[in-house]
$ cat data04.txt   # compact mmCIF, C-alpha atoms
# COMPACT_ATOMS: atom_id res chain seq x y z
CA MET I 442 5.42 -50.49 -42.66
CA PRO I 443 2.49 -48.05 -42.57
CA ILE I 444 -0.04 -50.45 -44.13
CA GLN I 445 -0.43 -54.14 -43.44
CA LYS I 446 -2.80 -56.35 -45.42
CA PHE I 447 -4.67 -59.41 -44.18
CA ARG I 448 -6.81 -62.01 -45.89
CA SER I 449 -9.25 -62.25 -42.98
CA PRO I 450 -10.07 -60.59 -39.65
CA GLU I 451 -8.68 -63.66 -37.89
CA GLU I 452 -5.27 -62.93 -39.39
CA MET I 453 -5.53 -59.39 -38.10
CA GLU I 454 -6.25 -60.43 -34.57
CA ILE I 455 -2.61 -60.96 -33.62
CA SER I 456 -0.09 -59.33 -35.91
CA TRP I 457 3.62 -60.02 -35.93
CA VAL I 458 6.32 -57.40 -36.01
CA MET I 459 10.08 -57.86 -35.79
CA PRO I 460 11.06 -57.56 -32.11
CA GLY I 461 13.49 -54.77 -31.32
CA THR I 462 12.48 -52.55 -34.22
CA PRO I 463 10.82 -49.13 -33.91
CA GLU I 464 7.75 -50.73 -35.52
CA HIS I 465 7.62 -53.24 -32.65
CA THR I 466 7.67 -50.47 -30.05
CA ARG I 467 5.02 -48.52 -31.94
CA SER I 468 2.79 -51.61 -32.24
CA ILE I 469 3.02 -52.40 -28.53
CA GLN I 470 2.27 -48.82 -27.56
CA ALA I 471 -0.62 -48.63 -30.02
CA VAL I 472 -2.21 -51.88 -28.81
CA LEU I 473 -1.84 -50.99 -25.13
CA ALA I 474 -3.27 -47.54 -25.81
CA LEU I 475 -6.24 -49.08 -27.63
CA VAL I 476 -6.87 -51.45 -24.72
CA SER I 477 -6.75 -48.54 -22.26
CA LEU I 478 -9.08 -46.51 -24.45
CA PHE I 479 -11.67 -49.07 -25.48
CA ALA I 480 -11.62 -51.99 -23.06
CA PRO I 481 -14.31 -51.62 -20.41
CA LYS I 482 -12.74 -50.37 -17.22
CA ARG I 483 -12.28 -53.22 -14.77
CA ILE I 484 -12.39 -52.70 -11.06
CA LEU I 485 -10.73 -55.66 -9.36
CA PRO I 486 -10.64 -56.29 -5.62
CA LEU I 487 -7.39 -54.85 -4.29
CA GLY I 488 -4.52 -56.77 -2.79
CA VAL I 489 -2.98 -60.22 -2.86
CA PHE I 490 -4.92 -63.44 -3.53
CA LYS I 491 -3.60 -66.98 -3.28
CA TYR I 492 -4.64 -70.05 -5.26
CA ARG I 493 -3.90 -73.74 -5.20
CA SER I 494 -3.95 -73.90 -9.02
CA ILE I 495 -3.96 -71.66 -12.08
CA GLU I 496 -7.46 -72.94 -12.90
CA GLU I 497 -8.68 -71.65 -9.55
CA ALA I 498 -7.01 -68.29 -10.25
CA ASP I 499 -8.51 -68.07 -13.76
CA ALA I 500 -11.99 -68.89 -12.45
CA GLN I 501 -11.82 -66.10 -9.90
CA ARG I 502 -10.50 -63.63 -12.46
CA GLU I 503 -13.43 -64.44 -14.76
CA SER I 504 -15.83 -64.04 -11.87
CA TRP I 505 -14.37 -60.60 -11.06
CA GLU I 506 -14.57 -59.55 -14.69
CA CYS I 507 -18.24 -60.65 -14.90
CA GLN I 508 -19.03 -58.77 -11.71
CA SER I 509 -17.23 -55.70 -13.02
CA ALA I 510 -19.29 -55.89 -16.25
CA ARG I 511 -22.53 -56.29 -14.23
CA ASN I 512 -21.64 -53.24 -12.15
CA ARG I 513 -21.22 -51.18 -15.31
CA SER I 514 -24.50 -52.40 -16.81
CA PRO I 515 -27.56 -50.21 -16.11
CA ASP I 516 -29.76 -53.25 -15.42
CA GLY I 517 -27.08 -55.19 -13.55
CA LYS I 518 -26.96 -57.93 -16.20
CA LEU I 519 -24.09 -59.11 -18.30
CA PRO I 520 -24.09 -57.63 -21.80
CA THR I 521 -25.11 -60.17 -24.44
CA MET G 868 -3.46 -46.70 -13.89
CA SER G 869 -4.09 -49.81 -15.94
CA LEU G 870 -1.30 -50.53 -18.42
CA GLU G 871 0.86 -47.46 -18.25
CA LYS G 872 2.78 -48.95 -15.30
CA LEU G 873 3.80 -52.03 -17.28
CA PRO G 874 7.21 -50.64 -18.37
CA ASP G 875 7.85 -49.44 -14.79
CA ILE G 876 7.14 -52.93 -13.44
CA LEU G 877 9.41 -54.63 -15.99
CA ARG G 878 12.19 -52.14 -15.25
CA ALA G 879 11.82 -52.66 -11.50
CA LEU G 880 12.03 -56.45 -11.93
CA ALA G 881 15.28 -55.98 -13.86
CA ASP G 882 16.73 -53.44 -11.45
CA GLU G 883 15.99 -55.62 -8.42
CA HIS G 884 17.48 -58.68 -10.17
CA VAL G 885 14.35 -60.78 -9.78
CA ASP G 886 14.59 -64.27 -11.26
CA TYR G 887 11.42 -64.33 -13.28
CA ILE G 888 10.21 -65.54 -16.67
CA LEU G 889 7.42 -63.80 -18.55
CA ILE G 890 4.60 -65.88 -19.97
CA GLY G 891 1.20 -64.78 -21.27
CA ALA G 892 0.39 -61.87 -23.57
CA VAL G 893 3.38 -59.73 -22.63
CA ALA G 894 5.67 -62.65 -23.50
CA MET G 895 3.85 -62.95 -26.82
CA MET G 896 4.45 -59.26 -27.44
CA ALA G 897 8.14 -59.59 -26.61
CA HIS G 898 8.33 -62.22 -29.38
CA GLY G 899 6.64 -59.84 -31.82
CA LEU G 900 3.10 -61.25 -31.59
CA VAL G 901 1.33 -58.13 -30.42
CA ARG G 902 -2.10 -58.46 -28.85
CA GLY G 903 -3.99 -56.64 -26.17
CA THR G 904 -3.90 -57.54 -22.51
CA GLU G 905 -4.81 -56.18 -19.11
CA ASP G 906 -2.61 -58.50 -17.08
CA LEU G 907 1.03 -59.40 -16.54
CA ASP G 908 1.91 -63.06 -15.94
CA PHE G 909 5.26 -64.46 -14.91
CA PHE G 910 6.93 -67.37 -13.15
CA VAL G 911 9.31 -66.73 -10.28
CA ARG G 912 11.92 -68.82 -8.54
CA PRO G 913 10.14 -69.36 -5.22
CA ASP G 914 12.95 -68.91 -2.71
CA SER G 915 13.14 -66.36 0.06
CA GLU G 916 15.86 -64.20 -1.50
CA ASN G 917 14.12 -63.97 -4.85
CA ILE G 918 10.68 -63.26 -3.41
CA ALA G 919 12.23 -60.50 -1.28
CA CYS G 920 13.60 -59.02 -4.54
CA LEU G 921 10.13 -59.33 -6.10
CA ARG G 922 8.51 -57.50 -3.18
CA ALA G 923 11.17 -54.79 -3.45
CA ALA G 924 10.49 -54.42 -7.18
CA LEU G 925 6.74 -54.07 -6.65
CA ARG G 926 7.29 -51.59 -3.80
CA ARG G 927 9.30 -49.41 -6.17
CA VAL G 928 6.24 -49.07 -8.40
CA PHE G 929 3.53 -49.14 -5.71
CA PRO G 930 5.28 -47.71 -2.63
CA GLU G 931 2.10 -47.13 -0.64
CA ASP G 932 0.69 -50.65 -0.94
CA ALA G 933 1.23 -52.72 2.21
CA ALA G 934 -0.48 -55.72 0.55
CA ILE G 935 2.79 -56.48 -1.25
CA ASP G 936 4.15 -57.83 2.04
CA GLU G 937 1.64 -60.70 1.74
CA ILE G 938 3.53 -62.20 -1.21
CA SER G 939 5.58 -64.95 0.40
CA GLU G 940 7.92 -67.72 -0.65
CA LYS G 941 6.17 -69.98 1.87
CA ASP G 942 2.94 -69.78 -0.15
CA LEU G 943 4.54 -69.91 -3.59
CA ALA G 944 6.78 -72.84 -2.73
CA GLY G 945 3.99 -74.54 -0.79
CA ASP G 946 0.25 -74.83 -1.21
CA TYR G 947 -0.34 -71.68 -3.29
CA PRO G 948 1.67 -71.81 -6.52
CA ALA G 949 -0.48 -69.05 -8.06
CA VAL G 950 -0.62 -65.63 -6.39
CA ARG G 951 -2.44 -62.68 -7.89
CA TYR G 952 -1.61 -59.10 -7.01
CA ASN G 953 -4.23 -56.54 -8.03
CA THR G 954 -2.64 -53.12 -8.06
CA PRO G 955 -3.94 -50.20 -5.98
CA ASP G 956 -6.34 -48.72 -8.54
CA GLY G 957 -7.96 -52.11 -9.15
CA SER G 958 -7.53 -52.15 -12.92
CA PHE G 959 -4.33 -54.13 -13.41
CA GLY G 960 -3.53 -57.66 -12.28
CA ILE G 961 -0.22 -59.44 -11.89
CA ASP G 962 -0.22 -63.24 -11.84
CA ILE G 963 2.83 -64.64 -10.05
CA LEU G 964 3.35 -68.36 -10.56
CA SER G 965 5.83 -70.88 -9.21
CA ARG G 966 4.42 -73.95 -10.97
CA LEU G 967 1.57 -75.10 -13.18
CA GLY G 968 0.25 -78.39 -11.86
CA GLU G 969 2.84 -81.12 -12.17
CA ALA G 970 3.80 -80.07 -15.69
CA PHE G 971 5.81 -76.86 -15.33
CA SER G 972 7.82 -75.14 -12.65
CA TYR G 973 10.25 -72.22 -12.82
CA GLU G 974 13.21 -74.55 -13.33
CA ASP G 975 11.49 -76.29 -16.24
CA LEU G 976 10.98 -73.20 -18.37
CA ASP G 977 13.21 -72.61 -21.38
CA HIS G 978 13.69 -68.89 -21.62
CA GLN G 979 15.69 -66.17 -23.33
CA GLU G 980 16.60 -62.57 -22.69
CA THR G 981 15.28 -59.87 -24.95
CA LEU G 982 14.22 -56.24 -24.89
CA PHE G 983 10.67 -55.04 -24.33
CA GLU G 984 10.44 -51.35 -25.12
CA GLY G 985 14.16 -51.11 -24.40
CA ILE G 986 13.89 -52.90 -21.04
CA PRO G 987 15.75 -56.20 -20.60
CA VAL G 988 13.24 -58.95 -19.88
CA ARG G 989 13.40 -62.72 -19.41
CA VAL G 990 10.77 -64.42 -21.47
CA ALA G 991 9.73 -68.02 -22.11
CA THR G 992 10.81 -69.18 -25.56
CA PRO G 993 8.15 -69.50 -28.26
CA ALA G 994 8.35 -73.30 -28.09
CA MET G 995 7.92 -73.19 -24.32
CA LEU G 996 4.92 -70.85 -24.58
CA TYR G 997 3.39 -73.17 -27.15
CA ARG G 998 3.81 -76.19 -24.88
CA MET G 999 2.25 -74.31 -21.98
CA LYS G 1000 -0.74 -72.99 -23.94
CA LYS G 1001 -1.68 -75.65 -26.43
CA ASP G 1002 -3.65 -77.96 -24.15
CA THR G 1003 -5.31 -75.41 -21.92
CA LEU G 1004 -9.06 -74.85 -21.72
CA ARG G 1005 -9.09 -71.09 -22.17
CA TRP G 1006 -9.93 -70.07 -25.75
CA LYS G 1007 -7.48 -67.14 -25.57
CA ASP G 1008 -4.63 -69.53 -24.83
CA ARG G 1009 -5.60 -71.83 -27.69
CA ILE G 1010 -5.59 -68.91 -30.15
CA ASP G 1011 -2.21 -67.80 -28.79
CA ALA G 1012 -0.86 -71.33 -29.19
CA GLN G 1013 -2.00 -71.51 -32.79
CA LYS G 1014 -0.43 -68.14 -33.60
CA ILE G 1015 2.87 -69.13 -31.97
CA LYS G 1016 2.90 -72.45 -33.80
CA GLU G 1017 2.30 -70.78 -37.16
CA ARG G 1018 4.73 -67.91 -36.69
CA PHE G 1019 7.62 -70.00 -35.42
CA SER G 1020 6.88 -73.11 -37.52
CA LEU G 1021 6.68 -75.34 -34.47
CA GLU G 1022 5.90 -79.05 -34.52
CA ASP G 1023 3.57 -80.78 -32.08
$ encode --input "data04.txt" --output "structure tokens"
Amino acid sequence: MPIQKFRSPEEMEISWVMPGTPEHTRSIQAVLALVSLFAPKRILPLGVFKYRSIEEADAQRESWECQSARNRSPDGKLPT
Amino acid sequence: MSLEKLPDILRALADEHVDYILIGAVAMMAHGLVRGTEDLDFFVRPDSENIACLRAALRRVFPEDAAIDEISEKDLAGDYPAVRYNTPDGSFGIDILSRLGEAFSYEDLDHQETLFEGIPVRVATPAMLYRMKKDTLRWKDRIDAQKIKERFSLED
């Protein structure tokens, strides 16, 4: 299916393809390649970290991602 | 490194016979709902034999990283049900879970086997993913839940 049509950008955000088909493999590879190409490069602290809850883990991940964004910003602020 | 190691990690988990169940964006992708991600999330059975298999799988992909030895069944079965391993180049994170609050543990997860880029993987069912994501606070999870509900015609 070379062309897919959507009624809104929201529909485009997560597309569905039949698992196990060549189209599925192509879609996964394309999305992962796009993320590698365009997502800002994160630099996370290395190693193993332990949390008492998933909320605690998510909070630290967000904090790392904010810090990583600040480090990339020329003025040290988060992009708005 | 980022995402190019993802297939290697999934293959190592299969080859080392780790009891794990994918959740998160990679699970969504395995069900055909393809979206971007920079992380891998899965539940594990938190016993000593299985966590030894998990360490062996990660060592296959990251043989130089001594930090892998810090992943322990004592933590996962005890006070630390969420363990994050950030891989040696600092761009890719692996969330290893044994339970989510009181609601979900490894044994509670309905799952199925499927192929992800030709690699056999164990993945939470769409209904299970929906249950796990629908009441969470993160906006990404709520969008995922809505997409899963629509695609698989799930009821609340």
$ closest_residue --input "data04.txt" --among "G:Glu980, G:Glu940, G:Glu974, G:Glu871" --to "chain I" --atoms "all atoms listed in the file"
G:Glu871
$ atom_distance --input "data04.txt" --atom1 "atom CA of I:Ser456" --atom2 "atom CA of G:Asp908"
20.4 Å
$ residues_near_point --input "data04.txt" --point "(-0.5, -52.0, -23.7)" --cutoff "8 Å" --atoms "only C-alpha atoms" --output "list in words"
Ile469, Gln470, Ala471, Val472, Leu473, Ala474, Leu475, Val476 and Ser477 of chain I; Leu870, Glu871, Leu873, Gly903, Thr904 and Glu905 of chain G
$ interface_residues --input "data04.txt" --of "chain I" --to "chain G" --cutoff "8 Å" --atoms "only C-alpha atoms" --output "ChimeraX atom specification"
/I:454-461,465-466,468-469,472-473,476-477,482-495,498
$ write_last_selection --input "data04.txt" --atoms "C-alpha atoms" --output "PDB file, in the coordinates of the input"
ATOM      1  CA  GLU I 454      -6.250 -60.430 -34.570  1.00  0.00           C
ATOM      2  CA  ILE I 455      -2.610 -60.960 -33.620  1.00  0.00           C
ATOM      3  CA  SER I 456      -0.090 -59.330 -35.910  1.00  0.00           C
ATOM      4  CA  TRP I 457       3.620 -60.020 -35.930  1.00  0.00           C
ATOM      5  CA  VAL I 458       6.320 -57.400 -36.010  1.00  0.00           C
ATOM      6  CA  MET I 459      10.080 -57.860 -35.790  1.00  0.00           C
ATOM      7  CA  PRO I 460      11.060 -57.560 -32.110  1.00  0.00           C
ATOM      8  CA  GLY I 461      13.490 -54.770 -31.320  1.00  0.00           C
ATOM      9  CA  HIS I 465       7.620 -53.240 -32.650  1.00  0.00           C
ATOM     10  CA  THR I 466       7.670 -50.470 -30.050  1.00  0.00           C
ATOM     11  CA  SER I 468       2.790 -51.610 -32.240  1.00  0.00           C
ATOM     12  CA  ILE I 469       3.020 -52.400 -28.530  1.00  0.00           C
ATOM     13  CA  VAL I 472      -2.210 -51.880 -28.810  1.00  0.00           C
ATOM     14  CA  LEU I 473      -1.840 -50.990 -25.130  1.00  0.00           C
ATOM     15  CA  VAL I 476      -6.870 -51.450 -24.720  1.00  0.00           C
ATOM     16  CA  SER I 477      -6.750 -48.540 -22.260  1.00  0.00           C
ATOM     17  CA  LYS I 482     -12.740 -50.370 -17.220  1.00  0.00           C
ATOM     18  CA  ARG I 483     -12.280 -53.220 -14.770  1.00  0.00           C
ATOM     19  CA  ILE I 484     -12.390 -52.700 -11.060  1.00  0.00           C
ATOM     20  CA  LEU I 485     -10.730 -55.660  -9.360  1.00  0.00           C
ATOM     21  CA  PRO I 486     -10.640 -56.290  -5.620  1.00  0.00           C
ATOM     22  CA  LEU I 487      -7.390 -54.850  -4.290  1.00  0.00           C
ATOM     23  CA  GLY I 488      -4.520 -56.770  -2.790  1.00  0.00           C
ATOM     24  CA  VAL I 489      -2.980 -60.220  -2.860  1.00  0.00           C
ATOM     25  CA  PHE I 490      -4.920 -63.440  -3.530  1.00  0.00           C
ATOM     26  CA  LYS I 491      -3.600 -66.980  -3.280  1.00  0.00           C
ATOM     27  CA  TYR I 492      -4.640 -70.050  -5.260  1.00  0.00           C
ATOM     28  CA  ARG I 493      -3.900 -73.740  -5.200  1.00  0.00           C
ATOM     29  CA  SER I 494      -3.950 -73.900  -9.020  1.00  0.00           C
ATOM     30  CA  ILE I 495      -3.960 -71.660 -12.080  1.00  0.00           C
ATOM     31  CA  ALA I 498      -7.010 -68.290 -10.250  1.00  0.00           C
TER      32      ALA I 498
END
$ atom_distance --input "data04.txt" --atom1 "atom CA of G:Pro993" --atom2 "atom CA of G:Phe971"
15.1 Å
$ atom_distance --input "data04.txt" --atom1 "atom CA of G:Trp1006" --atom2 "atom CA of G:Glu969"
21.7 Å
$ axis_aligned_box --input "data04.txt" --around "stretch 914-931 of chain G" --padding-each-side "4 Å" --output "lines of an AutoDock Vina configuration file"
center_x = 9.0
center_y = -58.0
center_z = -4.2
size_x = 21.8
size_y = 29.8
size_z = 16.5
